[in-house]
$ cat target.txt   # compact mmCIF, C-alpha atoms
# COMPACT_ATOMS: atom_id res chain seq x y z
CA MET O 1 116.46 -17.42 98.68
CA LEU O 2 119.46 -19.49 97.67
CA THR O 3 119.33 -22.99 99.09
CA LEU O 4 121.30 -26.14 98.48
CA TRP O 5 118.41 -27.45 96.40
CA ASN O 6 118.57 -24.40 94.11
CA LEU O 7 122.32 -24.82 93.79
CA PHE O 8 121.86 -28.51 92.94
CA GLU O 9 119.23 -27.68 90.30
CA ALA O 10 121.43 -25.00 88.74
CA SER O 11 124.41 -27.34 88.49
CA LEU O 12 122.18 -30.09 87.09
CA LEU O 13 120.86 -27.72 84.42
CA CYS O 14 124.40 -26.66 83.49
CA LEU O 15 125.50 -30.29 83.20
CA ASN O 16 122.48 -31.03 81.04
CA ALA O 17 123.35 -28.08 78.81
CA VAL O 18 126.92 -29.31 78.33
CA CYS O 19 125.78 -32.86 77.60
CA VAL O 20 123.22 -31.74 75.02
CA LEU O 21 125.78 -29.93 72.84
CA HIS O 22 125.97 -31.71 69.49
CA GLU O 23 129.40 -31.71 67.86
CA GLU O 24 128.28 -31.71 64.23
CA ARG O 25 125.53 -29.12 64.58
CA PHE O 26 126.63 -26.65 67.20
CA MET O 27 130.31 -27.12 67.89
CA GLN O 28 131.39 -27.52 64.25
CA LYS O 29 130.13 -23.99 63.55
CA MET O 30 132.53 -22.68 66.19
CA GLY O 31 135.42 -24.75 64.87
CA TRP O 32 135.34 -27.13 67.83
CA GLY O 33 134.04 -30.23 66.04
CA ALA O 34 135.50 -33.74 66.05
CA ASN O 35 137.29 -33.25 62.73
CA VAL O 36 139.24 -30.23 63.92
CA SER O 37 141.59 -32.25 66.13
CA GLU O 38 142.29 -34.74 63.31
CA GLN O 39 143.59 -32.15 60.83
CA GLY O 40 147.30 -32.39 61.58
CA PHE O 41 149.11 -30.84 64.49
CA VAL O 42 146.90 -29.25 67.11
CA ASP O 43 148.22 -27.26 70.02
CA GLN O 44 147.00 -29.32 72.97
CA SER O 45 147.62 -26.49 75.40
CA SER O 46 145.22 -24.15 73.58
CA MET O 47 142.06 -23.04 75.33
CA ASN O 48 139.74 -24.36 72.59
CA PHE O 49 141.30 -27.83 72.68
CA GLN O 50 141.05 -28.02 76.46
CA ILE O 51 137.40 -26.87 76.46
CA LEU O 52 136.55 -29.44 73.79
CA ASN O 53 138.23 -32.19 75.81
CA LEU O 54 136.39 -31.03 78.95
CA VAL O 55 133.03 -31.17 77.15
CA ARG O 56 133.78 -34.64 75.77
CA SER O 57 134.87 -35.93 79.17
CA ILE O 58 131.82 -34.50 80.91
CA ARG O 59 129.56 -36.15 78.35
CA THR O 60 131.35 -39.48 78.72
CA VAL O 61 131.62 -39.61 82.49
CA THR O 62 128.30 -38.11 83.54
CA ARG O 63 125.92 -39.76 81.07
CA ILE O 64 124.45 -42.47 83.35
CA PRO O 65 124.66 -40.51 86.65
CA LEU O 66 123.00 -37.54 84.94
CA ILE O 67 120.08 -39.67 83.78
CA ILE O 68 119.62 -40.97 87.32
CA LEU O 69 119.86 -37.48 88.84
CA ASN O 70 117.34 -36.12 86.34
CA ILE O 71 114.87 -38.90 87.16
CA LEU O 72 115.28 -38.34 90.90
CA THR O 73 114.87 -34.60 90.50
CA ILE O 74 111.68 -35.03 88.47
CA ILE O 75 110.25 -37.45 91.04
CA PHE O 76 111.19 -35.09 93.88
CA LYS O 77 109.58 -32.13 92.10
CA LEU O 78 106.41 -34.13 91.41
CA LEU O 79 106.10 -35.26 95.01
CA PHE O 80 107.07 -32.10 96.86
CA GLY O 81 106.45 -29.36 94.30
$ encode --input "target.txt" --output "structure tokens"
Amino acid sequence: MLTLWNLFEASLLCLNAVCVLHEERFMQKMGWGANVSEQGFVDQSSMNFQILNLVRSIRTVTRIPLIILNILTIIFKLLFG
């Protein structure tokens, strides 16, 4: 059964997955690394550029709140199963 808790856990897992992506190891293989945007003119309206900026912004903005939410989720799971 789909509950708000399941929806919260799914979104938390997706945020964790985005924040774990490593630019040099994973994203460089796809051509989305940090050095790609520094190599001259880059079309800022392209889909790849916008996805890369979205991933960077999510990692920057949600770092501390994500740590707190992960801790609270672990405590909740330990207490209530």
$ residues_around --input "target.txt" --residues "range 61-75 of chain O" --least-positions-apart "3" --cutoff "10 Å" --atoms "all atoms listed in the file" --output "CSV table (one decimal) with C-alpha atoms, keeping the file's coordinate frame"
chain,number,residue,atom,x,y,z
O,5,TRP,CA,118.4,-27.4,96.4
O,8,PHE,CA,121.9,-28.5,92.9
O,9,GLU,CA,119.2,-27.7,90.3
O,12,LEU,CA,122.2,-30.1,87.1
O,13,LEU,CA,120.9,-27.7,84.4
O,15,LEU,CA,125.5,-30.3,83.2
O,16,ASN,CA,122.5,-31.0,81.0
O,19,CYS,CA,125.8,-32.9,77.6
O,56,ARG,CA,133.8,-34.6,75.8
O,57,SER,CA,134.9,-35.9,79.2
O,58,ILE,CA,131.8,-34.5,80.9
O,78,LEU,CA,106.4,-34.1,91.4
O,79,LEU,CA,106.1,-35.3,95.0
O,80,PHE,CA,107.1,-32.1,96.9
O,81,GLY,CA,106.4,-29.4,94.3
$ atom_distance --input "target.txt" --atom1 "CA of His22 in chain O" --atom2 "CA of Ser45 in chain O"
23.0 Å
$ atom_distance --input "target.txt" --atom1 "CA of Asn6 in chain O" --atom2 "CA of Phe26 in chain O"
28.2 Å
$ residues_around --input "target.txt" --residues "Asn53 in chain O" --least-positions-apart "5" --cutoff "10 Å" --atoms "all atoms listed in the file" --output "PyMOL selection string"
chain O and resi 32+44+47-48+58-59
$ write_last_selection --input "target.txt" --atoms "C-alpha atoms" --output "mmCIF file, in the frame of the given file"
data_model
loop_
_atom_site.group_PDB
_atom_site.id
_atom_site.type_symbol
_atom_site.label_atom_id
_atom_site.label_comp_id
_atom_site.auth_asym_id
_atom_site.auth_seq_id
_atom_site.Cartn_x
_atom_site.Cartn_y
_atom_site.Cartn_z
ATOM 1 C CA TRP O 32 135.340 -27.130 67.830
ATOM 2 C CA GLN O 44 147.000 -29.320 72.970
ATOM 3 C CA MET O 47 142.060 -23.040 75.330
ATOM 4 C CA ASN O 48 139.740 -24.360 72.590
ATOM 5 C CA ILE O 58 131.820 -34.500 80.910
ATOM 6 C CA ARG O 59 129.560 -36.150 78.350
#
$ atom_distance --input "target.txt" --atom1 "CA of Thr3 in chain O" --atom2 "CA of Val20 in chain O"
25.9 Å
